[in-house]
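Shown next: my_file_34.tsv, containing TSV, C-alpha atoms.
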```tsv
chain	number	residue	atom	x	y	z
A	29	MET	CA	71.84	-0.63	-19.38
A	30	GLN	CA	73.74	2.51	-20.29
A	31	ALA	CA	75.04	3.21	-23.79
A	32	ALA	CA	78.62	2.53	-22.70
A	33	GLU	CA	77.60	-0.82	-21.20
A	34	ARG	CA	75.78	-1.79	-24.38
A	35	SER	CA	78.80	-0.85	-26.47
A	36	ALA	CA	81.09	-2.91	-24.23
A	37	LEU	CA	78.79	-5.92	-24.52
A	38	VAL	CA	78.57	-5.66	-28.31
A	39	GLY	CA	82.35	-5.39	-28.48
A	40	ALA	CA	82.89	-8.43	-26.26
A	41	VAL	CA	80.45	-10.59	-28.22
A	42	GLN	CA	81.93	-9.48	-31.54
A	43	ARG	CA	85.45	-10.28	-30.37
A	44	ASN	CA	84.33	-13.79	-29.45
A	45	CYS	CA	82.73	-14.08	-32.89
A	46	ASP	CA	86.02	-13.00	-34.44
A	47	LEU	CA	87.94	-15.56	-32.37
A	48	ALA	CA	85.64	-18.32	-33.60
A	49	ASP	CA	85.98	-17.10	-37.19
A	50	ALA	CA	89.77	-17.04	-36.89
A	51	ARG	CA	89.74	-20.75	-36.09
A	52	TYR	CA	86.90	-22.07	-38.20
A	53	ALA	CA	85.78	-19.71	-40.99
A	54	ARG	CA	88.50	-20.75	-43.44
A	55	GLU	CA	87.75	-24.47	-43.13
A	56	LYS	CA	85.08	-24.25	-45.83
A	57	SER	CA	85.62	-24.61	-49.56
A	58	MET	CA	87.10	-21.47	-51.13
A	59	CYS	CA	83.89	-20.73	-53.04
A	60	THR	CA	81.67	-21.01	-49.96
A	61	TYR	CA	84.15	-19.05	-47.87
A	62	LEU	CA	84.25	-16.14	-50.32
A	63	LEU	CA	80.46	-16.02	-50.63
A	64	ASP	CA	80.13	-16.03	-46.84
A	65	MET	CA	82.72	-13.29	-46.49
A	66	ARG	CA	80.97	-11.21	-49.15
A	67	GLU	CA	77.74	-11.37	-47.16
A	68	HIS	CA	79.56	-10.72	-43.89
A	69	PHE	CA	81.10	-7.59	-45.44
A	70	ARG	CA	77.66	-6.33	-46.42
A	71	TRP	CA	76.52	-6.82	-42.84
A	72	ALA	CA	79.61	-5.19	-41.33
A	73	ALA	CA	79.40	-2.23	-43.73
A	74	ALA	CA	75.62	-1.89	-43.19
A	75	LEU	CA	75.04	-2.04	-46.94
A	76	PRO	CA	71.45	-2.35	-48.18
A	77	LEU	CA	70.32	-5.91	-48.81
A	78	GLY	CA	71.18	-6.90	-52.35
A	79	ALA	CA	73.73	-4.10	-52.81
A	80	ALA	CA	76.76	-5.26	-54.77
A	81	PRO	CA	79.94	-4.54	-52.77
A	82	ASP	CA	82.78	-2.70	-54.44
A	83	ARG	CA	85.20	-5.47	-55.40
A	84	ALA	CA	88.35	-3.59	-54.44
A	85	GLN	CA	86.91	-2.67	-51.05
A	86	LEU	CA	85.76	-6.24	-50.50
A	87	ARG	CA	89.20	-7.67	-51.31
A	88	GLU	CA	90.88	-5.16	-49.00
A	89	TRP	CA	88.39	-5.90	-46.21
A	90	ILE	CA	88.88	-9.67	-46.48
A	91	ALA	CA	92.68	-9.26	-46.40
A	92	CYS	CA	92.39	-7.03	-43.33
A	93	ARG	CA	90.04	-9.47	-41.57
A	94	GLU	CA	92.35	-12.39	-42.25
A	95	LYS	CA	95.34	-10.46	-40.89
A	96	ASN	CA	93.37	-9.59	-37.76
A	97	TRP	CA	92.39	-13.23	-37.36
A	98	ASP	CA	96.02	-14.29	-37.60
A	99	ASP	CA	96.85	-11.94	-34.71
A	100	LEU	CA	94.19	-13.45	-32.42
A	101	PRO	CA	94.79	-16.32	-29.96
A	102	ALA	CA	94.35	-19.75	-31.53
A	103	ASP	CA	92.58	-21.65	-28.73
A	104	ASP	CA	88.98	-21.78	-27.57
A	105	SER	CA	90.00	-20.91	-23.98
A	106	SER	CA	90.53	-17.32	-25.17
A	107	PHE	CA	86.80	-16.59	-25.45
A	108	ALA	CA	86.21	-13.66	-23.11
A	109	ALA	CA	83.67	-13.39	-20.32
A	110	LEU	CA	80.85	-10.99	-21.09
A	111	PRO	CA	80.62	-7.70	-19.12
A	112	LEU	CA	77.39	-8.49	-17.31
A	113	GLY	CA	77.17	-8.76	-13.54
A	114	ASP	CA	80.50	-10.08	-12.29
A	115	GLY	CA	81.27	-11.43	-15.77
A	116	LEU	CA	79.42	-14.26	-17.47
A	117	ASP	CA	80.75	-17.28	-19.33
A	118	PRO	CA	80.21	-16.61	-23.07
A	119	PHE	CA	78.59	-20.06	-23.42
A	120	ASP	CA	76.08	-19.37	-20.61
A	121	GLU	CA	73.32	-18.50	-23.07
A	122	ALA	CA	70.52	-18.74	-20.50
A	123	GLY	CA	72.37	-16.63	-17.94
A	124	VAL	CA	73.20	-13.90	-20.44
A	125	ASN	CA	69.62	-13.79	-21.74
A	126	ALA	CA	68.30	-13.50	-18.18
A	127	HIS	CA	70.33	-10.29	-17.87
A	128	LEU	CA	69.18	-9.02	-21.28
A	129	ALA	CA	65.46	-9.78	-20.96
A	130	SER	CA	64.55	-6.22	-20.01
A	131	GLU	CA	66.78	-4.79	-22.75
A	132	GLY	CA	64.88	-6.39	-25.61
A	133	TRP	CA	68.00	-8.22	-26.80
A	134	VAL	CA	68.68	-11.91	-27.42
A	135	TYR	CA	72.06	-13.58	-27.09
A	136	GLY	CA	72.96	-16.81	-28.83
A	137	ALA	CA	75.85	-19.12	-27.98
A	138	GLY	CA	76.49	-22.73	-28.89
A	139	LEU	CA	78.33	-25.11	-31.16
A	140	GLY	CA	77.49	-25.40	-34.83
A	141	LEU	CA	78.66	-27.62	-37.66
A	142	PHE	CA	81.90	-29.47	-36.89
A	143	GLY	CA	81.95	-28.08	-33.37
A	144	ALA	CA	82.50	-24.45	-34.45
A	145	PRO	CA	81.41	-21.97	-31.73
A	146	LEU	CA	78.61	-19.63	-32.80
A	147	PHE	CA	77.74	-16.37	-31.06
A	148	PHE	CA	75.38	-13.52	-31.92
A	149	LEU	CA	73.62	-10.60	-30.27
A	150	ALA	CA	70.36	-9.30	-31.74
A	151	THR	CA	67.23	-7.27	-31.05
A	152	ARG	CA	64.26	-9.35	-29.97
A	153	ASP	CA	61.33	-9.17	-32.39
A	154	SER	CA	58.89	-11.51	-30.59
A	155	ALA	CA	58.66	-14.31	-28.06
A	156	GLN	CA	56.07	-17.05	-27.66
A	157	ARG	CA	55.51	-20.56	-26.31
A	158	ARG	CA	54.97	-23.35	-28.82
A	159	ASP	CA	54.60	-27.06	-28.05
A	160	GLY	CA	56.45	-26.72	-24.76
A	161	ALA	CA	59.28	-24.69	-26.31
A	162	ARG	CA	60.18	-21.03	-26.04
A	163	VAL	CA	60.32	-19.52	-29.53
A	164	LEU	CA	62.27	-16.31	-30.04
A	165	ILE	CA	62.43	-14.30	-33.26
A	166	THR	CA	65.23	-11.76	-33.54
A	167	ASP	CA	65.77	-8.93	-36.00
A	168	HIS	CA	68.68	-6.47	-36.21
A	169	GLU	CA	71.98	-8.13	-35.30
A	170	TRP	CA	74.55	-6.15	-33.29
A	171	ALA	CA	77.25	-8.82	-33.32
A	172	ARG	CA	77.70	-12.00	-35.38
A	173	GLY	CA	80.24	-14.23	-37.06
A	174	VAL	CA	80.78	-15.27	-40.65
A	175	ALA	CA	78.49	-18.29	-40.18
A	176	ALA	CA	74.95	-17.13	-39.42
A	177	PRO	CA	72.42	-20.00	-39.44
A	178	PRO	CA	68.91	-18.51	-39.75
A	179	ALA	CA	67.47	-20.84	-37.10
A	180	VAL	CA	68.80	-22.85	-34.16
A	181	SER	CA	67.35	-24.90	-31.33
A	182	ARG	CA	68.99	-25.71	-28.02
A	183	GLY	CA	67.37	-27.23	-24.99
A	184	ASP	CA	63.76	-26.05	-25.02
A	185	THR	CA	64.47	-22.84	-26.97
A	186	VAL	CA	64.09	-22.12	-30.68
A	187	ILE	CA	65.61	-18.97	-32.17
A	188	VAL	CA	64.89	-17.68	-35.67
A	189	ARG	CA	67.22	-14.90	-36.85
A	190	LEU	CA	65.25	-12.72	-39.29
A	191	ASP	CA	68.28	-10.68	-40.30
A	192	ALA	CA	70.26	-13.80	-41.17
A	193	LEU	CA	67.25	-15.25	-42.99
A	194	ARG	CA	66.81	-12.10	-45.11
A	195	ARG	CA	70.47	-12.13	-46.05
A	196	TRP	CA	70.37	-15.82	-46.95
A	197	LEU	CA	67.28	-15.26	-49.11
A	198	TRP	CA	69.09	-12.47	-50.96
A	199	THR	CA	71.96	-14.83	-51.75
A	200	ARG	CA	69.40	-17.15	-53.32
A	201	VAL	CA	67.90	-14.28	-55.32
A	202	GLU	CA	71.35	-13.24	-56.53
A	203	ALA	CA	72.12	-16.82	-57.56
A	204	GLY	CA	69.20	-16.58	-59.98
A	205	THR	CA	65.44	-17.11	-59.89
A	206	ARG	CA	64.98	-19.05	-63.11
A	207	GLN	CA	61.35	-19.57	-64.05
A	208	GLY	CA	60.05	-23.03	-63.27
A	209	THR	CA	62.07	-23.48	-60.08
A	210	ALA	CA	60.49	-23.94	-56.67
A	211	PHE	CA	62.28	-20.88	-55.28
A	212	ALA	CA	61.01	-18.68	-58.12
A	213	ALA	CA	57.48	-19.98	-57.54
A	214	ALA	CA	57.72	-19.37	-53.79
A	215	LEU	CA	59.12	-15.86	-54.27
A	216	ARG	CA	56.40	-15.06	-56.81
A	217	ALA	CA	53.78	-16.16	-54.27
A	218	TYR	CA	55.11	-13.52	-51.88
A	219	SER	CA	55.23	-10.73	-54.49
A	220	THR	CA	52.48	-8.16	-54.11
A	221	THR	CA	54.34	-5.52	-56.17
A	222	ASP	CA	57.20	-5.47	-58.65
A	223	ARG	CA	59.63	-4.52	-55.90
A	224	LEU	CA	61.95	-7.39	-55.08
A	225	PRO	CA	62.96	-6.12	-51.61
A	226	GLU	CA	59.33	-6.21	-50.50
A	227	ALA	CA	58.92	-9.77	-51.77
A	228	VAL	CA	62.05	-10.89	-49.91
A	229	GLU	CA	60.86	-9.19	-46.71
A	230	HIS	CA	57.43	-10.83	-46.99
A	231	MET	CA	59.09	-14.18	-47.61
A	232	ALA	CA	61.42	-13.79	-44.63
A	233	ARG	CA	58.51	-12.96	-42.34
A	234	GLY	CA	56.35	-15.74	-43.74
A	235	GLU	CA	58.98	-18.46	-43.85
A	236	ALA	CA	60.19	-17.77	-40.34
A	237	GLU	CA	57.25	-20.04	-39.45
A	238	THR	CA	58.59	-22.86	-41.63
A	239	LEU	CA	61.92	-22.57	-39.85
A	240	ILE	CA	60.14	-22.66	-36.49
A	241	LEU	CA	58.30	-25.82	-37.49
A	242	HIS	CA	61.55	-27.46	-38.54
A	243	GLU	CA	63.24	-26.58	-35.25
A	244	LEU	CA	60.23	-27.85	-33.29
A	245	GLY	CA	60.61	-31.02	-35.36
A	246	GLU	CA	64.28	-31.17	-34.36
A	247	LEU	CA	63.27	-30.94	-30.71
A	248	ARG	CA	60.73	-33.75	-31.17
A	249	ALA	CA	63.29	-35.83	-33.04
A	250	GLY	CA	65.74	-35.20	-30.19
A	251	THR	CA	63.20	-36.60	-27.73
A	252	VAL	CA	62.78	-39.70	-29.91
A	253	LEU	CA	66.51	-40.23	-30.45
A	254	GLY	CA	67.69	-39.48	-26.92
A	255	SER	CA	70.83	-37.84	-25.57
A	256	GLU	CA	73.12	-40.41	-27.20
A	257	TRP	CA	72.50	-38.78	-30.57
A	258	GLU	CA	74.28	-35.61	-29.43
A	259	MET	CA	77.14	-37.72	-28.13
A	260	MET	CA	77.39	-39.39	-31.53
A	261	LEU	CA	77.47	-36.00	-33.26
A	262	ALA	CA	80.10	-34.60	-30.91
A	263	GLY	CA	82.54	-37.42	-31.65
A	264	ALA	CA	81.79	-37.96	-35.33
A	265	GLU	CA	84.10	-37.43	-38.29
A	266	ARG	CA	82.99	-34.62	-40.60
A	267	ARG	CA	81.34	-36.74	-43.30
A	268	THR	CA	79.63	-38.82	-40.63
A	269	GLU	CA	78.35	-35.68	-38.88
A	270	LEU	CA	76.85	-34.39	-42.13
A	271	VAL	CA	74.94	-37.65	-42.66
A	272	LEU	CA	73.74	-37.74	-39.05
A	273	ARG	CA	72.47	-34.17	-39.29
A	274	ALA	CA	70.71	-34.95	-42.58
A	275	VAL	CA	69.00	-38.00	-41.06
A	276	ARG	CA	67.77	-35.96	-38.10
A	277	ASP	CA	66.61	-33.16	-40.42
A	278	LEU	CA	64.60	-35.64	-42.48
A	279	LEU	CA	63.02	-37.12	-39.38
A	280	ALA	CA	62.16	-33.62	-38.10
A	281	ASP	CA	60.51	-32.60	-41.36
A	282	CYS	CA	58.57	-35.83	-41.71
A	283	LEU	CA	57.39	-35.69	-38.09
A	284	VAL	CA	56.43	-32.00	-37.91
A	285	THR	CA	57.25	-29.62	-40.77
A	286	LEU	CA	55.57	-31.33	-43.71
A	287	PRO	CA	52.49	-32.66	-41.84
A	288	GLU	CA	51.80	-29.22	-40.36
A	289	LEU	CA	52.28	-27.33	-43.62
A	290	LEU	CA	50.02	-29.83	-45.36
A	291	ARG	CA	47.39	-29.49	-42.63
A	292	ARG	CA	47.40	-25.72	-43.19
A	293	GLU	CA	47.47	-26.10	-47.00
A	294	ALA	CA	50.40	-23.68	-46.93
A	295	ASP	CA	51.47	-24.23	-50.53
A	296	ARG	CA	53.88	-21.33	-50.79
A	297	SER	CA	55.69	-22.59	-47.68
A	298	LEU	CA	55.76	-26.08	-49.15
A	299	LEU	CA	57.37	-24.60	-52.26
A	300	PHE	CA	59.89	-22.81	-50.05
A	301	TRP	CA	60.62	-26.06	-48.22
A	302	PHE	CA	61.16	-27.85	-51.53
A	303	ALA	CA	63.39	-25.02	-52.79
A	304	THR	CA	65.67	-25.51	-49.78
A	305	PHE	CA	65.55	-29.32	-49.91
A	306	ASP	CA	68.99	-30.02	-51.28
A	307	GLY	CA	72.38	-31.57	-50.53
A	308	LEU	CA	72.50	-34.79	-48.55
A	309	ARG	CA	68.84	-34.60	-47.52
A	310	ARG	CA	67.74	-34.72	-51.14
A	311	GLN	CA	70.29	-37.42	-51.90
A	312	LEU	CA	69.04	-39.57	-49.02
A	313	ALA	CA	65.31	-39.00	-49.63
A	314	PRO	CA	64.73	-38.42	-53.37
A	315	GLU	CA	61.15	-39.66	-52.99
A	316	LEU	CA	60.24	-36.43	-51.18
A	317	ALA	CA	61.56	-34.34	-54.06
A	318	ALA	CA	59.83	-36.53	-56.64
A	319	VAL	CA	56.43	-35.42	-55.33
A	320	PHE	CA	57.05	-31.90	-56.61
A	321	GLY	CA	58.39	-32.76	-60.06
A	322	ASP	CA	60.88	-30.73	-62.07
A	323	GLU	CA	58.61	-27.70	-62.47
A	324	PRO	CA	56.34	-27.45	-59.41
A	325	LYS	CA	52.96	-26.01	-60.28
A	326	ARG	CA	50.40	-27.81	-58.14
A	327	ILE	CA	51.39	-29.74	-55.02
A	328	ASP	CA	49.95	-33.23	-54.75
A	329	HIS	CA	48.95	-33.09	-51.08
A	330	PRO	CA	47.87	-36.74	-50.62
A	331	THR	CA	51.06	-38.08	-52.21
A	332	LEU	CA	53.28	-35.76	-50.17
A	333	ALA	CA	51.40	-36.65	-46.97
A	334	ALA	CA	51.91	-40.36	-47.67
A	335	ALA	CA	55.62	-39.77	-48.36
A	336	ALA	CA	55.98	-37.85	-45.08
A	337	ARG	CA	54.26	-40.62	-43.10
A	338	ALA	CA	56.52	-43.23	-44.66
A	339	GLY	CA	59.52	-40.99	-44.07
A	340	ALA	CA	58.74	-40.58	-40.38
A	341	ASP	CA	58.88	-44.36	-39.97
A	342	ARG	CA	61.87	-44.85	-42.25
A	343	TRP	CA	64.12	-42.20	-40.72
A	344	GLN	CA	63.31	-43.15	-37.15
A	345	VAL	CA	64.25	-46.76	-37.92
A	346	GLN	CA	67.36	-45.61	-39.78
A	347	ALA	CA	68.41	-43.37	-36.90
A	348	PHE	CA	67.97	-46.20	-34.41
A	349	GLU	CA	70.08	-48.48	-36.62
A	350	LEU	CA	72.87	-45.88	-36.75
A	351	ARG	CA	72.72	-45.45	-33.00
A	352	GLN	CA	73.00	-49.20	-32.53
A	353	GLN	CA	76.03	-49.33	-34.84
A	354	TRP	CA	77.65	-46.67	-32.67
A	355	ARG	CA	76.80	-48.55	-29.47
A	356	ASP	CA	78.25	-51.77	-30.83
A	357	GLY	CA	81.34	-50.51	-32.62
A	358	GLY	CA	81.93	-46.87	-31.74
A	359	GLY	CA	82.88	-44.16	-34.19
A	360	ALA	CA	84.50	-46.46	-36.74
A	361	ALA	CA	81.39	-48.62	-37.10
A	362	LEU	CA	79.18	-45.52	-37.24
A	363	GLY	CA	81.33	-44.01	-40.00
A	364	GLN	CA	81.08	-47.20	-42.07
A	365	ALA	CA	77.30	-47.26	-41.60
A	366	THR	CA	76.84	-43.65	-42.69
A	367	ASP	CA	79.13	-44.25	-45.69
A	368	ARG	CA	76.96	-47.18	-46.76
A	369	LEU	CA	73.78	-45.17	-46.26
A	370	SER	CA	74.92	-42.22	-48.37
A	371	ALA	CA	76.51	-44.44	-51.05
A	372	ARG	CA	73.46	-46.58	-51.75
A	373	GLN	CA	71.07	-43.72	-52.45
```
Mind turning this structure into structure tokens?
Amino acid sequence: MQAAERSALVGAVQRNCDLADARYAREKSMCTYLLDMREHFRWAAALPLGAAPDRAQLREWIACREKNWDDLPADDSSFAALPLGDGLDPFDEAGVNAHLASEGWVYGAGLGLFGAPLFFLATRDSAQRRDGARVLITDHEWARGVAAPPAVSRGDTVIVRLDALRRWLWTRVEAGTRQGTAFAAALRAYSTTDRLPEAVEHMARGEAETLILHELGELRAGTVLGSEWEMMLAGAERRTELVLRAVRDLLADCLVTLPELLRREADRSLLFWFATFDGLRRQLAPELAAVFGDEPKRIDHPTLAAAARAGADRWQVQAFELRQQWRDGGGAALGQATDRLSARQ
């Protein structure tokens, strides 16, 4: 691929990212939106990780981005074909990646939280086969949207985005690494010098494996739950979707992530897992958090293993019950069931 062709492809992917952002980026809370835009500015401006943006420049950039969004078409049919071959559908992830295999690039396309389209284009770092799945790790990102999940799984493919993971870790560092927290303990375990950037890089490289295990767990959970689960997600109200995703995440971690990390005695990864165990997942499964205590120092492996085994049974049964509610009463019954589940924790 010639330089001009690469530039045209990056431009086409980025425009589709911008179209998706124009429709969906501002649907978050104002606080989350501004934090996401701050990080997106650092990426767009190629600032060093952890560099504090100039506030005036950031405000001007956000205002400019929002004006550009307002000038873009407001429907999903406006996503442009990609300039490969005779033109490829932007959602044909497999077809695009077949064209890019020899270029060392990886293209991502799919639907994220609340049905928001997600696109990215990145340099391939590595590729491997794991448990019947193709696992891709990407690094430098050439095009991306405001939302940049560090890991995704679709079909039989898992993708971990190192650049997005690094940036997310830096947001955690900037939020504070108070002594006694699981994140501080995990970061300290990756520190070989006093230089914070090196610790974050080591953590990103090391915890890419934890993200892979979780996504492999998602694939296994998907096999257990069947195709109806995706149909439930696609038609769910927002609160219901959040609960459904949390239930599947818990099942994935209890089936794969926690048992495998325990088998390896990977304590720093267990601390990282605990540091990211928050929101609805922690609300629904407080017993998993209780194993670590308020100030994690030594992980009780037998107790955590027992909690994971119990969780694998519990969340599979719970998922089947939610699926049955949906079969019997549709979206309304499913919404009531997820409301009861989240309210009684």
Any idea what's packed within 9 Å of A:Ala264, counting only C-alpha atoms, ignoring anything in its chain fewer than 4 positions away? Could you give it as a PDB file with C-alpha atoms, keeping the file's coordinate frame?
```
ATOM      1  CA  PHE A 142      81.900 -29.470 -36.890  1.00  0.00           C
ATOM      2  CA  MET A 259      77.140 -37.720 -28.130  1.00  0.00           C
ATOM      3  CA  MET A 260      77.390 -39.390 -31.530  1.00  0.00           C
ATOM      4  CA  THR A 268      79.630 -38.820 -40.630  1.00  0.00           C
ATOM      5  CA  GLU A 269      78.350 -35.680 -38.880  1.00  0.00           C
ATOM      6  CA  LEU A 272      73.740 -37.740 -39.050  1.00  0.00           C
ATOM      7  CA  GLY A 359      82.880 -44.160 -34.190  1.00  0.00           C
ATOM      8  CA  LEU A 362      79.180 -45.520 -37.240  1.00  0.00           C
ATOM      9  CA  GLY A 363      81.330 -44.010 -40.000  1.00  0.00           C
TER      10      GLY A 363
END
```
*Compile the contact shell of A:Ala249 as a list in words: residues with an atom at most 7 Å away, counting all atoms listed in the file, same-chain residues fewer than 3 positions apart removed.*
Gly245, Glu246, Val252, Leu253, Arg276, Leu279 and Ala280 of chain A
*Go ahead and compute the interatomic distance for atom CA of A:Val275 and atom CA of A:Arg355, in Å to one decimal.*
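Taking atom CA of A:Val275 and atom CA of A:Arg355, their separation equals 17.5 Å.
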*asked:* Given all atoms listed in the file as the basis, pick out the residue of A:Cys92, A:Leu247, A:Ala236, A:Val38 nearest to A:Arg182.
replied: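 Comparing A:Cys92, A:Leu247, A:Ala236, A:Val38 against A:Arg182, the winner is A:Leu247.
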*stretch 39-43 of chain A: which residues within 12 Å, counting all atoms listed in the file, same-chain residues fewer than 6 positions away excluded, as a count of residues only?*
39
*Mind pulling up the distance from atom CA of A:Arg273 to atom CA of A:Ser370?*
12.4 Å
